[in-house]
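Student: The following block contains the structure, expressed as structure tokens.
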Amino acid sequence: MQLTDLDYTSLRKRIVGREITCAQLVADYLDNIREKKPLNAFISVFEKDARQRAEEIDRKISANNAGALAGLVLGIKDLIVLSGAPTTCGSKILSNFISPYDATVIKKLAQADAVFIGKTNMDEFAMGSSSETSFSGAVKNPTATDRVAGGSSGGSAAAVAGNLCTAALGSDTGGSIRQPASFCGVVGIKPTYGRVSRFGLIAYASSLDQIGPLCKSVDDAASILNVISGYDHLDSTSANQPTEDYTTYLNRDVKGLIIGLPKEYYGAGLDPEIRQNIENRAAQLGKAGAEIVEVSLPHTEYAIAAYYIIATAEASSNLARFDGARYGVRAEKVMDLEEMYVKSRTEGFGSEVKRRIMLGTYVLSSGYYDAYYRKAQKVRTLIRQDFNNVFAQVDCLLTPIAPTTAFRLGEKIDDPLTMYLSDIYTVSCNLAGLPGIALPSGADSHGLPIGLQLLGKPFSEGKLLQVADFLEKLN
Amino acid sequence: MSVTLEQVDVIARLSKLEFNQEEKSKFVEQFNQILQYMEKLNELDTEPIEPTYNVLDISNVTRPDELKPWLSQDEALQNAPRTKHGFFSVPKVIG
């Protein structure tokens with residue numbers, strides 16, 4: 001057993017008990033990062049800063065005034081800004097960008113004495129389900145290096161699964177925390193829309209994006225969520241709702257909880273091994289005193305179409321800011337302003353990002369706005385209503401995360417529609433603004449991690465953590 | 001609905017992106033495949049349904065108009081490809 005195998009909850013006891021130092025822990029992670037460079041999990045590593053910060057925290061621990069996350073060593077998805085550090089979004093157009101300020105989540109985590117070890121790799125501008133579209137190259141799955149790590153927070157998931165850091169931050173627009181967590185066998189939470197401040201998160205689709213942790217245990221997820229949740233006046237879409245101590249939901253039972261299995265999530269296309277795995281888990285919950293009921297979310301089959309219209313529309317608008325004028329890479333030898341815009345964007349963006357900007361521009365353009373964009377927002381209402389109806393009967397939903405376990409590198413990259421369709425079980429959660437958790441649940445016959453998903457009504461993170469924690473501790 | 005090469009040109013112009021002929025032909029093919037899939041939404045009668053643009057029940061978030069410390073001019077300009085006299089500098093707009 002290596003120290004770097006452990007979750008934060010176990011490490012914290014040893015750090016606070018002075019059995020180990022943060023400096024030693026950081027050194028071990030840095031060794032692993034060097035050794036596992038071929039995973040391509042990190043875009044940048046803050047070796048000197050992390051060592052220095054670890055020593056500061058060791059001094060705080062000696063003085064008994066260390067914060068709630070003292071010695072938590074974090075990877076940060078490379079679309080969350082950190083003052084003085086590069087933030088590339090996995091894109092050539094931001095390859096030279098150094099942030100002049102901190103995201104709110106970074107400020108909060110630094111105040112709690114977490115250590116930032118580097119920025120993790122991702123699909124360019126978070127647009128992808130496999131972490132293959134990064135300007136820094138594809139991320140590999142630590143369990144099987146010929147497989148994808150999932151996306152778009154694939155670097156964060158691979159870094160945690162590969163023991164390169166204790167936990168990582170990711171962002172989730174249509175499954176980008178939960179699906180890579182599932183493919184790599186780690187815990188991931190997409191909080192309720194508005195629960196965690198997005199100030200300092202470079203936007204992909206603003207009505208869907210949320211920041212959340214990827215980590216080694218449900219305990220860790222609760223501890224990190226405790227620190228990053230809450231209202232932020234710098235994010236006008238931040239929810240002004242009281243926060244809770246999520247650790248109080250741990251070590252409870254599930255007696256009397258009603259857990260729904262939405263039948264549309266168990267239909268054709270789902271790998272039979274994943275179905276069997278999750279049905280077994282449902283049976284375990286039933287045996288422990290939860291009531292398992294079948295429910296229906298009848299508009300599920302429309303979610304992918306609605307999602308890709310809304311997400312690309314918002315992306316085309318958000319990415320208009322990358323024009324070579326104020327930051328990022330400017331094309332050379334341009335004659336006038338128009339040419340500067342066009343050349344900088346054409347040279348700076350990769351093909352998936354261009355495809356989504358083009359699609360988004362099309363669905364928002366005159367004559368098509370009502371047929372696509374407005375239609376999709378109406379379907380979004382129907383999807384929300386499905387969830388409202390179901391959450392009147394059940395406490396949470398238990399579902400698969402993806403139709404398959406991690407697929408092979410290169411398998412879907414040339415077929416965008418097939419790649420989009422693999423997001424079927426994750427996008428509805430974002431369209432409705434719900435919280436969702438990905439929890440590892442064993443492996444398939446190839447040894448690849450299987451993940452299960454719990455979905456709840458807005459601001460029910462506590463209840464999801466309760467059920468996830470119960471399932472995790474059954475193992 | 002299906003997209004033509006001419007429409008791809010128009011969308012590219014609006015998107016401030018440029019493509020070669022091969023890329024454009026590929027776009028037409030992929031776009032039509034994706035848009036055909038999106039036609040699925042037309043199976044639903046959404047006439048009486050209100051759209052959801054934001055899932056939070058909040059609107060018009062305002063704050064007092066107070067001066068607070070923020071980035072200095074140097075910090076705001078530090079990532080600019082070119083600056084001049086404390087401004088962002090870009091190629092000529094008018095010839």
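Letters A, B, ... mark the chains of the structure tokens in the order given; residue numbers begin at 1 per chain; ligand numbers begin at 1, in order shown.
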Which residues are close to Ala80 in chain B, i.e. within 12 Å by only C-alpha atoms, leaving aside same-chain residues fewer than 4 positions away? Reply as a PyMOL selection string.
Tutor: (chain A and resi 94+96-100+322-330) or (chain B and resi 73-76+84+86-90)
Student: Please produce a file of those selected residues containing C-alpha atoms, as an mmCIF file, in the first residue's frame.
Tutor:
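Once written, result21.cif looks like this:
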```cif
data_model
loop_
_atom_site.group_PDB
_atom_site.id
_atom_site.type_symbol
_atom_site.label_atom_id
_atom_site.label_comp_id
_atom_site.auth_asym_id
_atom_site.auth_seq_id
_atom_site.Cartn_x
_atom_site.Cartn_y
_atom_site.Cartn_z
ATOM 1 C CA LEU A 94 -5.159 29.837 -25.185
ATOM 2 C CA ASN A 96 -0.056 31.341 -24.025
ATOM 3 C CA PHE A 97 -2.717 32.527 -21.544
ATOM 4 C CA ILE A 98 -1.657 33.249 -17.946
ATOM 5 C CA SER A 99 -4.555 34.073 -15.637
ATOM 6 C CA PRO A 100 -4.322 37.347 -13.710
ATOM 7 C CA PHE A 322 -11.670 34.322 -28.596
ATOM 8 C CA ASP A 323 -10.767 36.685 -31.405
ATOM 9 C CA GLY A 324 -7.059 37.420 -30.952
ATOM 10 C CA ALA A 325 -7.679 40.977 -29.711
ATOM 11 C CA ARG A 326 -7.323 40.920 -25.913
ATOM 12 C CA TYR A 327 -5.805 37.540 -25.016
ATOM 13 C CA GLY A 328 -4.848 34.240 -26.572
ATOM 14 C CA VAL A 329 -2.937 33.582 -29.754
ATOM 15 C CA ARG A 330 -3.231 36.164 -32.566
ATOM 16 C CA GLN B 73 -4.509 48.124 -16.079
ATOM 17 C CA ASP B 74 -1.205 46.226 -16.376
ATOM 18 C CA GLU B 75 -2.818 42.984 -15.250
ATOM 19 C CA ALA B 76 -5.742 43.466 -17.609
ATOM 20 C CA LYS B 84 -0.109 50.619 -27.215
ATOM 21 C CA GLY B 86 -2.169 51.281 -22.224
ATOM 22 C CA PHE B 87 -4.739 50.085 -24.767
ATOM 23 C CA PHE B 88 -5.306 46.846 -26.677
ATOM 24 C CA SER B 89 -3.844 47.315 -30.144
ATOM 25 C CA VAL B 90 -5.364 45.720 -33.278
#
```
Student: Would you kindly report the residues of chain B within 7 Å of chain A, using only C-alpha atoms, as a PyMOL selection string?
Tutor: chain B and resi 11-12+15-18+34+37-38+41+46+49-55+61+75+79-81+88+90-93
Student: Quick one: pull the distance between CA of Asp271 in chain A and CA of Pro403 in chain A, Å, one decimal.
Tutor: 5.8 Å
Student: May I have all residues of chain B that DSSP, computed from the backbone, assigns to helix (DSSP H, G or I), given as number ranges by chain?
Tutor: B: 5-15, 21-43, 73-77
Student: Which residues are close to Leu234 in chain A, i.e. within 10 Å by only C-alpha atoms, leaving aside same-chain residues fewer than 2 positions away? Reply as a ChimeraX atom specification.
Tutor: /A:103-104,197-200,231-232,236-238
Student: Using only C-alpha atoms, which protein or nucleic acid residues come within 10 Å of Lys107 in chain A? Drop anything in the same chain fewer than 6 positions from it, and give the result as number ranges by chain.
Tutor: A: 82-83, 101, 113, 228
Student: To one decimal place, how far is CA of Ser223 in chain A from CA of Gly462 in chain A in Å?
Tutor: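 So the two atoms, CA of Ser223 in chain A and CA of Gly462 in chain A, lie 11.5 Å apart.
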Student: Near Gly67 in chain A, counting only C-alpha atoms, which residues have an atom at most 10 Å away, once you skip same-chain residues fewer than 3 positions from it, shown as a list in words?
Tutor: Ile57, Lys60, Ile61, Asn64, Ala70, Gly71, Leu109, Ala110, Gln111, Ala112, Asp113 and Ala114 of chain A
Student: For the residues selected in the previous step, produce a file with C-alpha atoms as a short mmCIF file (atom, residue, chain, number, x, y, z; two decimals), in the first residue's frame.
Tutor:
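Writing the result to selection25.cif gives the following:
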```cif
data_model
loop_
_atom_site.label_atom_id
_atom_site.label_comp_id
_atom_site.auth_asym_id
_atom_site.auth_seq_id
_atom_site.Cartn_x
_atom_site.Cartn_y
_atom_site.Cartn_z
CA ILE A 57 0.96 23.70 5.37
CA LYS A 60 0.48 25.21 9.96
CA ILE A 61 -0.18 21.64 11.05
CA ASN A 64 -2.39 23.40 14.97
CA ALA A 70 -4.94 20.69 4.81
CA GLY A 71 -2.75 18.49 2.63
CA LEU A 109 -9.74 25.69 -1.61
CA ALA A 110 -6.56 27.70 -0.97
CA GLN A 111 -8.12 29.15 2.19
CA ALA A 112 -8.86 25.59 3.32
CA ASP A 113 -5.14 24.76 2.77
CA ALA A 114 -5.41 22.51 -0.27
#
```
Student: Could you jot down the CA of Phe391 in chain A to CA of Tyr249 in chain A separation for me, Å, one decimal place?
Tutor: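 Pair CA of Phe391 in chain A / CA of Tyr249 in chain A returns 19.3 Å.
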Student: If we count only C-alpha atoms, what is near range 174-190 of chain A at a cut-off of 8 Å, once residues fewer than 2 positions away on the same chain are taken out, given as an NGL selection string?
Tutor: :A and (126 or 129-130 or 141-143 or 148-154 or 157-158 or 160-161 or 170-172 or 192 or 208-218 or 221 or 307 or 401-402 or 405-406 or 423 or 426-430 or 435-441 or 448-453)
Student: Taking only chain B into account, list the residues labelled strand (DSSP E) by DSSP (computed from the backbone), as a ChimeraX atom specification.
Tutor: /B:83-84,87-88
Student: Export, as a short mmCIF file (atom, residue, chain, number, x, y, z; two decimals), in the first residue's frame, the selected residues with all heavy atoms.
Tutor:
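Below is the file selection_13.cif, written as the result:
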```cif
data_model
loop_
_atom_site.label_atom_id
_atom_site.label_comp_id
_atom_site.auth_asym_id
_atom_site.auth_seq_id
_atom_site.Cartn_x
_atom_site.Cartn_y
_atom_site.Cartn_z
N THR B 83 -0.11 45.79 -27.28
CA THR B 83 -0.71 46.93 -26.59
C THR B 83 -0.01 48.21 -27.05
O THR B 83 1.11 48.17 -27.58
CB THR B 83 -0.54 46.82 -25.06
OG1 THR B 83 0.86 46.81 -24.76
CG2 THR B 83 -1.18 45.57 -24.50
N LYS B 84 -0.69 49.33 -26.85
CA LYS B 84 -0.11 50.62 -27.21
C LYS B 84 -0.70 51.68 -26.29
O LYS B 84 -1.94 51.74 -26.15
CB LYS B 84 -0.47 50.93 -28.67
CG LYS B 84 0.50 51.86 -29.36
CD LYS B 84 0.13 51.91 -30.84
CE LYS B 84 1.08 52.79 -31.61
NZ LYS B 84 0.74 52.81 -33.03
N PHE B 87 -3.53 50.61 -24.11
CA PHE B 87 -4.74 50.09 -24.77
C PHE B 87 -4.42 48.77 -25.48
O PHE B 87 -3.26 48.48 -25.76
CB PHE B 87 -5.26 51.07 -25.83
CG PHE B 87 -5.83 52.33 -25.25
CD1 PHE B 87 -5.04 53.48 -25.15
CD2 PHE B 87 -7.15 52.38 -24.82
CE1 PHE B 87 -5.57 54.65 -24.62
CE2 PHE B 87 -7.67 53.55 -24.29
CZ PHE B 87 -6.88 54.69 -24.18
N PHE B 88 -5.47 47.99 -25.78
CA PHE B 88 -5.31 46.85 -26.68
C PHE B 88 -5.07 47.42 -28.08
O PHE B 88 -5.74 48.37 -28.48
CB PHE B 88 -6.57 45.98 -26.72
CG PHE B 88 -6.90 45.35 -25.40
CD1 PHE B 88 -7.96 45.81 -24.63
CD2 PHE B 88 -6.16 44.27 -24.93
CE1 PHE B 88 -8.28 45.22 -23.42
CE2 PHE B 88 -6.46 43.68 -23.71
CZ PHE B 88 -7.52 44.15 -22.96
#
```
